[in-house]
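Q: File follows, input.csv with CSV, C-alpha atoms:
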```
chain,number,residue,atom,x,y,z
E,1,MET,CA,0.0,0.0,0.0
E,2,LEU,CA,1.0,3.6,-0.5
E,3,GLN,CA,2.4,5.2,2.6
E,4,GLU,CA,0.2,8.0,4.0
E,5,CYS,CA,1.2,11.5,2.9
E,6,LEU,CA,-1.9,13.7,3.4
E,7,PRO,CA,-1.9,17.2,1.9
E,8,THR,CA,-4.5,19.8,2.5
E,9,ARG,CA,-7.9,18.6,1.6
E,10,SER,CA,-9.7,19.5,-1.6
E,11,HIS,CA,-6.5,20.5,-3.4
E,12,PRO,CA,-6.7,19.6,-7.1
E,13,SER,CA,-3.8,17.2,-7.9
E,14,PHE,CA,-1.6,17.4,-11.0
E,15,GLN,CA,0.5,14.5,-12.0
E,16,PRO,CA,2.2,12.8,-15.0
E,17,THR,CA,2.2,9.4,-16.5
E,18,VAL,CA,5.5,7.8,-17.7
E,19,SER,CA,4.6,8.2,-21.4
E,20,ILE,CA,6.4,8.6,-24.7
E,21,GLY,CA,9.1,11.2,-24.6
E,22,ASN,CA,8.5,11.7,-20.9
E,23,VAL,CA,6.6,14.9,-21.7
E,24,GLY,CA,4.2,14.7,-18.6
E,25,GLN,CA,7.1,14.3,-16.2
E,26,LEU,CA,9.1,17.2,-17.8
E,27,ALA,CA,6.0,19.4,-17.6
E,28,ILE,CA,5.6,18.7,-13.9
E,29,ASP,CA,9.3,19.5,-13.4
E,30,LEU,CA,8.8,22.8,-15.1
E,31,LEU,CA,5.7,23.6,-13.1
E,32,LEU,CA,7.5,22.7,-9.8
E,33,ALA,CA,10.5,24.9,-10.8
E,34,SER,CA,8.4,27.9,-12.0
E,35,SER,CA,5.5,27.9,-9.4
E,36,THR,CA,6.7,30.1,-6.5
E,37,GLY,CA,5.9,28.8,-3.0
E,38,THR,CA,5.7,25.1,-4.0
E,39,GLU,CA,7.3,22.9,-1.3
E,40,LYS,CA,7.9,19.1,-1.0
E,41,TYR,CA,5.3,17.5,1.2
E,42,GLY,CA,6.4,13.9,1.3
E,43,ASP,CA,7.2,10.7,-0.5
E,44,LEU,CA,5.0,8.0,-1.8
E,45,ALA,CA,6.2,4.3,-1.6
E,46,HIS,CA,4.7,1.3,-3.3
E,47,PRO,CA,6.1,-2.2,-4.0
E,48,ALA,CA,5.3,-1.8,-7.7
E,49,LEU,CA,7.4,1.4,-8.1
E,50,ILE,CA,10.9,0.8,-9.5
E,51,PRO,CA,13.2,2.2,-6.7
E,52,LEU,CA,15.0,5.5,-7.5
E,53,VAL,CA,17.0,7.9,-5.5
E,54,GLY,CA,18.9,10.9,-6.9
E,55,SER,CA,19.9,14.5,-6.1
E,56,GLY,CA,17.6,17.3,-6.9
E,57,GLU,CA,18.4,20.9,-8.0
E,58,THR,CA,20.3,21.6,-4.8
E,59,VAL,CA,22.5,19.5,-2.6
E,60,GLU,CA,19.8,19.5,0.1
E,61,GLN,CA,17.2,18.0,-2.2
E,62,THR,CA,16.7,14.3,-2.7
E,63,TRP,CA,14.5,12.9,-5.4
E,64,THR,CA,12.7,9.5,-5.1
E,65,SER,CA,10.4,7.5,-7.3
E,66,CYS,CA,7.3,9.4,-6.4
E,67,GLN,CA,6.9,12.6,-4.4
E,68,VAL,CA,4.1,15.0,-3.4
E,69,HIS,CA,4.6,18.8,-3.6
E,70,VAL,CA,2.1,21.3,-2.3
E,71,ASN,CA,1.5,25.0,-3.1
E,72,GLU,CA,-0.5,26.4,-0.2
E,73,LYS,CA,-1.0,29.8,-1.8
E,74,SER,CA,-2.4,28.4,-5.0
E,75,LYS,CA,-4.2,25.5,-3.2
E,76,VAL,CA,-2.8,22.9,-5.6
E,77,ALA,CA,-0.8,19.7,-5.2
E,78,PHE,CA,1.7,18.1,-7.6
E,79,VAL,CA,2.5,14.3,-7.6
E,80,GLN,CA,5.7,13.8,-9.5
E,81,LEU,CA,6.3,10.2,-10.8
E,82,ARG,CA,10.0,9.8,-11.7
E,83,SER,CA,10.3,6.1,-12.2
E,84,ASP,CA,8.3,3.4,-14.1
E,85,ILE,CA,6.1,0.7,-12.7
E,86,ALA,CA,7.3,-2.9,-12.5
E,87,LYS,CA,6.0,-5.0,-15.5
E,88,GLY,CA,2.7,-6.7,-14.8
E,89,ARG,CA,2.0,-4.6,-11.7
E,90,GLU,CA,0.4,-1.6,-13.4
E,91,ARG,CA,-3.2,-2.4,-12.3
E,92,GLU,CA,-2.1,-3.0,-8.7
E,93,PHE,CA,-0.4,0.3,-8.6
E,94,VAL,CA,-3.3,2.2,-10.2
E,95,ASP,CA,-5.9,0.6,-7.8
E,96,ASP,CA,-3.8,1.4,-4.7
E,97,PHE,CA,-3.0,4.9,-5.9
E,98,MET,CA,-6.6,5.8,-6.5
E,99,ASP,CA,-7.6,4.4,-3.1
E,100,TRP,CA,-4.9,6.6,-1.5
E,101,PHE,CA,-6.1,9.6,-3.6
E,102,LYS,CA,-9.7,9.2,-2.4
E,103,ARG,CA,-8.6,8.7,1.2
E,104,SER,CA,-6.5,11.9,1.0
E,105,GLU,CA,-9.6,13.8,-0.1
E,106,PHE,CA,-8.0,15.6,-3.0
E,107,GLY,CA,-10.1,17.7,-5.3
E,108,ASP,CA,-10.0,17.0,-9.1
E,109,LEU,CA,-7.3,14.9,-10.7
E,110,VAL,CA,-5.4,16.3,-13.7
E,111,ILE,CA,-3.1,13.9,-15.6
E,112,LEU,CA,-0.4,15.3,-17.9
E,113,SER,CA,0.7,12.8,-20.6
E,114,SER,CA,1.6,12.3,-24.2
E,115,LEU,CA,0.6,10.2,-27.2
E,116,ASP,CA,2.6,8.6,-29.9
E,117,ALA,CA,2.5,10.9,-32.9
E,118,VAL,CA,3.0,8.0,-35.3
E,119,GLU,CA,-0.6,6.8,-34.4
E,120,ARG,CA,-2.3,10.1,-35.3
E,121,GLY,CA,-5.4,10.0,-37.5
E,122,GLU,CA,-5.7,12.1,-40.6
E,123,SER,CA,-7.5,14.9,-38.8
E,124,GLN,CA,-4.7,15.1,-36.2
E,125,LEU,CA,-1.8,15.6,-38.5
E,126,SER,CA,-2.2,19.4,-38.7
E,127,GLY,CA,-3.2,22.1,-36.3
E,128,SER,CA,-2.9,21.9,-32.6
E,129,GLN,CA,-1.2,18.9,-31.2
E,130,PHE,CA,-2.9,19.2,-27.8
E,131,ARG,CA,-5.9,17.1,-26.8
E,132,TYR,CA,-7.9,16.6,-23.6
E,133,LEU,CA,-10.1,13.9,-22.3
E,134,THR,CA,-12.5,14.2,-19.3
E,135,THR,CA,-13.9,11.3,-17.4
E,136,ASN,CA,-17.4,12.8,-16.8
E,137,PRO,CA,-19.0,14.4,-19.8
E,138,LYS,CA,-21.5,16.2,-17.6
E,139,GLY,CA,-19.0,17.3,-15.0
E,140,SER,CA,-17.6,20.7,-14.2
E,141,LEU,CA,-14.3,20.0,-15.9
E,142,ALA,CA,-16.0,18.9,-19.2
E,143,LYS,CA,-18.1,22.1,-19.1
E,144,GLU,CA,-15.0,24.3,-18.4
E,145,PHE,CA,-12.9,22.8,-21.2
E,146,GLY,CA,-15.9,22.8,-23.6
E,147,LEU,CA,-15.8,26.6,-23.4
E,148,LYS,CA,-12.3,26.8,-24.8
E,149,GLU,CA,-13.0,26.8,-28.6
E,150,ASP,CA,-9.4,26.1,-29.6
E,151,TRP,CA,-8.9,23.1,-27.3
E,152,LEU,CA,-10.0,19.8,-28.8
E,153,THR,CA,-11.2,16.7,-27.1
E,154,LEU,CA,-9.3,13.5,-28.1
E,155,GLU,CA,-11.1,12.0,-31.1
E,156,LYS,CA,-12.2,8.4,-31.6
E,157,ARG,CA,-11.3,6.6,-34.8
E,158,PRO,CA,-14.3,5.6,-37.1
E,159,GLY,CA,-15.7,2.4,-35.8
E,160,GLU,CA,-13.9,2.4,-32.5
E,161,GLN,CA,-15.5,2.8,-29.1
E,162,GLU,CA,-12.6,4.5,-27.3
E,163,PRO,CA,-9.9,6.9,-28.2
E,164,ARG,CA,-6.5,5.5,-28.9
E,165,LEU,CA,-4.0,6.0,-26.1
E,166,TYR,CA,-0.8,4.6,-27.6
E,167,GLY,CA,2.3,5.7,-25.8
E,168,SER,CA,0.4,7.2,-22.8
E,169,GLY,CA,1.7,4.8,-20.1
E,170,LEU,CA,-0.8,4.4,-17.2
E,171,ALA,CA,-3.4,6.7,-18.7
E,172,LYS,CA,-5.5,3.8,-20.0
E,173,GLN,CA,-5.5,2.0,-16.7
E,174,LEU,CA,-6.3,5.2,-14.8
E,175,LEU,CA,-9.1,6.0,-17.2
E,176,GLN,CA,-10.6,2.5,-16.7
E,177,ASN,CA,-10.4,2.9,-12.9
E,178,LEU,CA,-12.0,6.3,-13.0
E,179,SER,CA,-14.8,5.2,-15.3
E,180,GLN,CA,-15.9,2.7,-12.8
E,181,ASP,CA,-16.2,5.2,-9.9
E,182,ASP,CA,-17.5,8.7,-10.3
E,183,ALA,CA,-16.2,9.8,-6.9
E,184,VAL,CA,-13.2,11.5,-8.6
E,185,GLU,CA,-13.5,13.8,-11.6
E,186,ALA,CA,-10.5,13.9,-13.8
E,187,VAL,CA,-9.1,15.4,-17.0
E,188,PHE,CA,-6.2,14.1,-19.1
E,189,LEU,CA,-4.1,16.6,-21.0
E,190,PHE,CA,-2.3,15.0,-23.9
E,191,VAL,CA,0.2,16.2,-26.6
E,192,PHE,CA,1.3,14.2,-29.6
E,193,CYS,CA,5.1,13.6,-29.8
E,194,THR,CA,7.8,11.2,-30.7
E,195,GLU,CA,10.8,9.9,-28.7
E,196,GLY,CA,13.8,12.2,-28.4
E,197,ASP,CA,14.4,15.7,-27.0
E,198,ASN,CA,10.9,16.9,-26.0
E,199,LEU,CA,11.8,19.9,-23.8
E,200,ASN,CA,10.0,22.2,-26.2
E,201,ILE,CA,6.9,19.9,-26.3
E,202,ALA,CA,6.9,19.8,-22.5
E,203,THR,CA,7.1,23.6,-22.4
E,204,TYR,CA,4.2,23.8,-24.9
E,205,LEU,CA,2.1,21.5,-22.7
E,206,THR,CA,3.0,23.5,-19.6
E,207,ASP,CA,2.0,26.8,-21.4
E,208,ILE,CA,-1.4,25.3,-22.2
E,209,PHE,CA,-1.8,24.2,-18.6
E,210,ASN,CA,-0.9,27.6,-17.4
E,211,GLN,CA,-3.5,29.2,-19.7
E,212,TRP,CA,-6.0,27.2,-17.7
E,213,LYS,CA,-4.7,27.4,-14.1
E,214,GLY,CA,-2.4,30.4,-14.1
E,215,SER,CA,0.1,28.6,-11.7
E,216,ILE,CA,3.0,30.5,-13.2
E,217,PRO,CA,3.2,34.3,-13.2
E,218,CYS,CA,3.2,35.9,-16.7
E,219,GLU,CA,5.2,38.9,-18.2
E,220,GLU,CA,2.9,42.0,-18.2
E,221,SER,CA,3.9,43.0,-21.7
E,222,THR,CA,3.8,39.7,-23.5
E,223,ARG,CA,1.5,37.6,-21.2
E,224,LYS,CA,3.9,34.7,-21.6
E,225,PRO,CA,4.7,32.6,-18.5
E,226,LYS,CA,7.9,33.4,-16.6
E,227,PHE,CA,9.3,29.9,-16.9
E,228,ARG,CA,12.2,29.0,-14.7
E,229,PHE,CA,13.8,26.0,-16.4
E,230,PRO,CA,15.1,23.3,-13.9
E,231,SER,CA,18.9,23.1,-13.7
E,232,THR,CA,18.5,19.3,-14.2
E,233,TRP,CA,17.5,20.0,-17.8
E,234,GLN,CA,20.9,21.4,-18.7
E,235,HIS,CA,22.5,18.1,-19.6
E,236,LEU,CA,19.3,16.0,-19.9
E,237,TYR,CA,20.2,14.9,-23.5
E,238,GLY,CA,24.0,15.3,-23.3
E,239,ASN,CA,26.1,18.0,-24.8
E,240,PRO,CA,25.3,19.6,-28.2
E,241,ILE,CA,26.7,18.0,-31.3
E,242,GLN,CA,30.1,19.6,-32.2
E,243,SER,CA,29.8,21.5,-35.5
E,244,ASN,CA,33.4,20.6,-36.5
E,245,ILE,CA,32.5,16.9,-37.1
E,246,TYR,CA,30.7,17.8,-40.4
```
Translate the structure described by the file into structure tokens.

A:
Amino acid sequence: MLQECLPTRSHPSFQPTVSIGNVGQLAIDLLLASSTGTEKYGDLAHPALIPLVGSGETVEQTWTSCQVHVNEKSKVAFVQLRSDIAKGREREFVDDFMDWFKRSEFGDLVILSSLDAVERGESQLSGSQFRYLTTNPKGSLAKEFGLKEDWLTLEKRPGEQEPRLYGSGLAKQLLQNLSQDDAVEAVFLFVFCTEGDNLNIATYLTDIFNQWKGSIPCEESTRKPKFRFPSTWQHLYGNPIQSNIY
């Protein structure tokens, strides 16, 4: 079972899935670095989580497989998932995580994830590469997102009952769990991408998220978010290619 780590009640929770290009995890890293007043609240442990320990942005910080961060000013919580789930134990982890989530009395659940761009349909090849999916078509999140004309819900392929979630990691298992219990209202934020350097894609997803929640202050003149890029991003994909090799 997940160890207890109870943040303030009714906080909406934002978290990633380990998905293609790690876009959701990178977006949460950017939100944590750019949202002033966000503090680590505790660690989550589960036998299905692959163990991970590493240094954070400062020598005083230690990162583990899964951690909870809370911003009391904004009344939001972030659950950062940094390692994958052991093969064959995904359902166990999702069921236990959702039990903990409901016991903790969070508010809405917001999942940041990504989809394999190779699997796009014809209508998805051009235009915005952002899509969303709500668990309750009649809920408040569905109504709120429905008012945003340029934000598109994830389409279903002709003849298919459900949208394709290739490359989205635990998103499918989470969606199945949430569809069986309406106690938690959730929204999934997706962006199409491929493997490789997805820092720009993660920034794009974070920008869209910030248009909705306003967690990151914006420049007065441009209205663009004042991103503070994590120091851990500096060598995430190694050094630049040397130009003299060509």

Q: Using only C-alpha atoms, which residues sit within 7 Å of Leu30 in chain E once same-chain residues fewer than 3 positions away are excluded, as a list in words?

A: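 Within the cut-off, the hits are Leu26, Ala27, Ala33, Ser34, Phe229 and Pro230 of chain E.
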
Q: Please identify every residue of range 6-58 of chain E that has at least one atom no farther than 12 Å from an atom of range 155-166 of chain E, counting all atoms listed in the file, and for each give the shortest atom pair and the distance in Å to one decimal, arranged by chain then increasing number, as JSON lines.

A:
```
{"residue": "E:Thr17", "atom": "CA", "partner": "E:Leu165", "partner_atom": "CA", "distance": 11.9}
{"residue": "E:Ser19", "atom": "CA", "partner": "E:Tyr166", "partner_atom": "CA", "distance": 9.0}
{"residue": "E:Ile20", "atom": "CA", "partner": "E:Tyr166", "partner_atom": "CA", "distance": 8.7}
```

Q: Calculated over all atoms listed in the file, which of the candidates E:Thr36, E:Pro16, E:Ile111, E:Trp151 has the smallest distance to Lys226 in chain E?

A: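 Counting all atoms listed in the file, the residue closest to Lys226 in chain E is E:Thr36.
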
Q: Within 10 Å of Gly24 in chain E, counting all atoms listed in the file, which residues show up once you throw out same-chain ones fewer than 2 positions away? Write them as a PDB file with C-alpha atoms, keeping the file's coordinate frame, please.

A:
```pdb
ATOM      1  CA  PHE E  14      -1.600  17.400 -11.000  1.00  0.00           C
ATOM      2  CA  GLN E  15       0.500  14.500 -12.000  1.00  0.00           C
ATOM      3  CA  PRO E  16       2.200  12.800 -15.000  1.00  0.00           C
ATOM      4  CA  THR E  17       2.200   9.400 -16.500  1.00  0.00           C
ATOM      5  CA  VAL E  18       5.500   7.800 -17.700  1.00  0.00           C
ATOM      6  CA  SER E  19       4.600   8.200 -21.400  1.00  0.00           C
ATOM      7  CA  ILE E  20       6.400   8.600 -24.700  1.00  0.00           C
ATOM      8  CA  GLY E  21       9.100  11.200 -24.600  1.00  0.00           C
ATOM      9  CA  ASN E  22       8.500  11.700 -20.900  1.00  0.00           C
ATOM     10  CA  LEU E  26       9.100  17.200 -17.800  1.00  0.00           C
ATOM     11  CA  ALA E  27       6.000  19.400 -17.600  1.00  0.00           C
ATOM     12  CA  ILE E  28       5.600  18.700 -13.900  1.00  0.00           C
ATOM     13  CA  ASP E  29       9.300  19.500 -13.400  1.00  0.00           C
ATOM     14  CA  LEU E  30       8.800  22.800 -15.100  1.00  0.00           C
ATOM     15  CA  GLN E  80       5.700  13.800  -9.500  1.00  0.00           C
ATOM     16  CA  LEU E  81       6.300  10.200 -10.800  1.00  0.00           C
ATOM     17  CA  ILE E 111      -3.100  13.900 -15.600  1.00  0.00           C
ATOM     18  CA  LEU E 112      -0.400  15.300 -17.900  1.00  0.00           C
ATOM     19  CA  SER E 113       0.700  12.800 -20.600  1.00  0.00           C
ATOM     20  CA  SER E 114       1.600  12.300 -24.200  1.00  0.00           C
ATOM     21  CA  SER E 168       0.400   7.200 -22.800  1.00  0.00           C
ATOM     22  CA  LEU E 189      -4.100  16.600 -21.000  1.00  0.00           C
ATOM     23  CA  PHE E 190      -2.300  15.000 -23.900  1.00  0.00           C
ATOM     24  CA  VAL E 191       0.200  16.200 -26.600  1.00  0.00           C
ATOM     25  CA  ILE E 201       6.900  19.900 -26.300  1.00  0.00           C
ATOM     26  CA  ALA E 202       6.900  19.800 -22.500  1.00  0.00           C
ATOM     27  CA  LEU E 205       2.100  21.500 -22.700  1.00  0.00           C
ATOM     28  CA  THR E 206       3.000  23.500 -19.600  1.00  0.00           C
TER      29      THR E 206
END
```

Q: Restricting the calculation to only C-alpha atoms, which member of E:Phe101, E:Phe227, E:Phe93, E:Tyr237 is positioned closest to Asn198 in chain E?

A: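 Between E:Phe101, E:Phe227, E:Phe93, E:Tyr237, the residue approaching Asn198 in chain E most closely is E:Tyr237.
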
Q: Might you pull out every residue within 10 Å of Ala142 in chain E, with only C-alpha atoms counted and same-chain residues fewer than 4 positions away left off, and present them as a PyMOL selection string?

A: chain E and resi 132-138+146-147+153+185-187

Q: Record the distance separating CA of Gln129 in chain E and CA of Phe192 in chain E, expressed in Å with one decimal.

A: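 CA of Phe192 in chain E lies 5.6 Å from CA of Gln129 in chain E.
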
Q: Residues near range 104-109 of chain E, anyone? I mean within 12 Å using only C-alpha atoms, not counting same-chain ones fewer than 5 positions away, as number ranges by chain.

A: E: 2-16, 68, 70, 75-79, 97-99, 133-136, 139-142, 174-175, 178, 182-189

Q: Once 5 Å is added on each side, what are the centre and the three edge lengths, in Å to one decimal, of the axis-aligned box enclosing the listed atoms of range 160-178 of chain E? Present them as JSON.

A:
```
{"center_x": -6.6, "center_y": 4.6, "center_z": -22.7, "size_x": 27.8, "size_y": 15.2, "size_z": 29.6}
```

Q: Which value, in Å to one decimal, gives the distance between CA of Gly88 in chain E and CA of Ser55 in chain E?

A: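 Distance between the two atoms: 28.7 Å.
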
Q: Hey, can you check how far CA of Asp197 in chain E sits from CA of Gln242 in chain E?

A: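 Atom-to-atom, CA of Asp197 in chain E to CA of Gln242 in chain E, that is 17.0 Å.
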
Q: Please rebuild range 105-119 of chain E with N, CA, C and O atoms and return the result as an mmCIF file, in the frame of the given file.

A:
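Wrote it out as result-v7.cif, contents follow:
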```cif
data_model
loop_
_atom_site.group_PDB
_atom_site.id
_atom_site.type_symbol
_atom_site.label_atom_id
_atom_site.label_comp_id
_atom_site.auth_asym_id
_atom_site.auth_seq_id
_atom_site.Cartn_x
_atom_site.Cartn_y
_atom_site.Cartn_z
ATOM 1 N N GLU E 105 -8.592 12.789 0.156
ATOM 2 C CA GLU E 105 -9.600 13.800 -0.100
ATOM 3 C C GLU E 105 -9.093 14.971 -0.928
ATOM 4 O O GLU E 105 -9.332 16.144 -0.637
ATOM 5 N N PHE E 106 -8.353 14.613 -1.983
ATOM 6 C CA PHE E 106 -8.000 15.600 -3.000
ATOM 7 C C PHE E 106 -9.215 16.150 -3.666
ATOM 8 O O PHE E 106 -10.316 15.595 -3.541
ATOM 9 N N GLY E 107 -9.001 17.188 -4.468
ATOM 10 C CA GLY E 107 -10.100 17.700 -5.300
ATOM 11 C C GLY E 107 -9.995 16.917 -6.668
ATOM 12 O O GLY E 107 -9.870 15.692 -6.705
ATOM 13 N N ASP E 108 -10.027 17.660 -7.774
ATOM 14 C CA ASP E 108 -10.000 17.000 -9.100
ATOM 15 C C ASP E 108 -8.575 16.453 -9.365
ATOM 16 O O ASP E 108 -7.579 16.890 -8.790
ATOM 17 N N LEU E 109 -8.542 15.484 -10.276
ATOM 18 C CA LEU E 109 -7.300 14.900 -10.700
ATOM 19 C C LEU E 109 -6.984 15.294 -12.130
ATOM 20 O O LEU E 109 -7.821 15.126 -13.022
ATOM 21 N N VAL E 110 -5.785 15.843 -12.347
ATOM 22 C CA VAL E 110 -5.400 16.300 -13.700
ATOM 23 C C VAL E 110 -4.123 15.514 -14.064
ATOM 24 O O VAL E 110 -3.101 15.567 -13.365
ATOM 25 N N ILE E 111 -4.199 14.775 -15.174
ATOM 26 C CA ILE E 111 -3.100 13.900 -15.600
ATOM 27 C C ILE E 111 -2.449 14.591 -16.857
ATOM 28 O O ILE E 111 -3.120 14.899 -17.842
ATOM 29 N N LEU E 112 -1.131 14.808 -16.795
ATOM 30 C CA LEU E 112 -0.400 15.300 -17.900
ATOM 31 C C LEU E 112 0.347 14.153 -18.586
ATOM 32 O O LEU E 112 1.081 13.417 -17.919
ATOM 33 N N SER E 113 0.124 13.981 -19.882
ATOM 34 C CA SER E 113 0.700 12.800 -20.600
ATOM 35 C C SER E 113 0.956 13.137 -22.026
ATOM 36 O O SER E 113 0.841 14.283 -22.457
ATOM 37 N N SER E 114 1.330 12.108 -22.780
ATOM 38 C CA SER E 114 1.600 12.300 -24.200
ATOM 39 C C SER E 114 1.176 11.066 -24.978
ATOM 40 O O SER E 114 0.941 9.996 -24.413
ATOM 41 N N LEU E 115 1.027 11.256 -26.276
ATOM 42 C CA LEU E 115 0.600 10.200 -27.200
ATOM 43 C C LEU E 115 1.539 10.058 -28.334
ATOM 44 O O LEU E 115 2.159 11.043 -28.766
ATOM 45 N N ASP E 116 1.646 8.851 -28.847
ATOM 46 C CA ASP E 116 2.600 8.600 -29.900
ATOM 47 C C ASP E 116 2.083 9.263 -31.218
ATOM 48 O O ASP E 116 1.010 8.944 -31.735
ATOM 49 N N ALA E 117 2.884 10.192 -31.731
ATOM 50 C CA ALA E 117 2.500 10.900 -32.900
ATOM 51 C C ALA E 117 2.370 10.051 -34.151
ATOM 52 O O ALA E 117 1.662 10.391 -35.101
ATOM 53 N N VAL E 118 3.045 8.903 -34.142
ATOM 54 C CA VAL E 118 3.000 8.000 -35.300
ATOM 55 C C VAL E 118 1.550 7.431 -35.438
ATOM 56 O O VAL E 118 1.141 7.083 -36.551
ATOM 57 N N GLU E 119 0.782 7.389 -34.352
ATOM 58 C CA GLU E 119 -0.600 6.800 -34.400
ATOM 59 C C GLU E 119 -1.657 7.839 -34.615
ATOM 60 O O GLU E 119 -2.839 7.548 -34.423
#
```
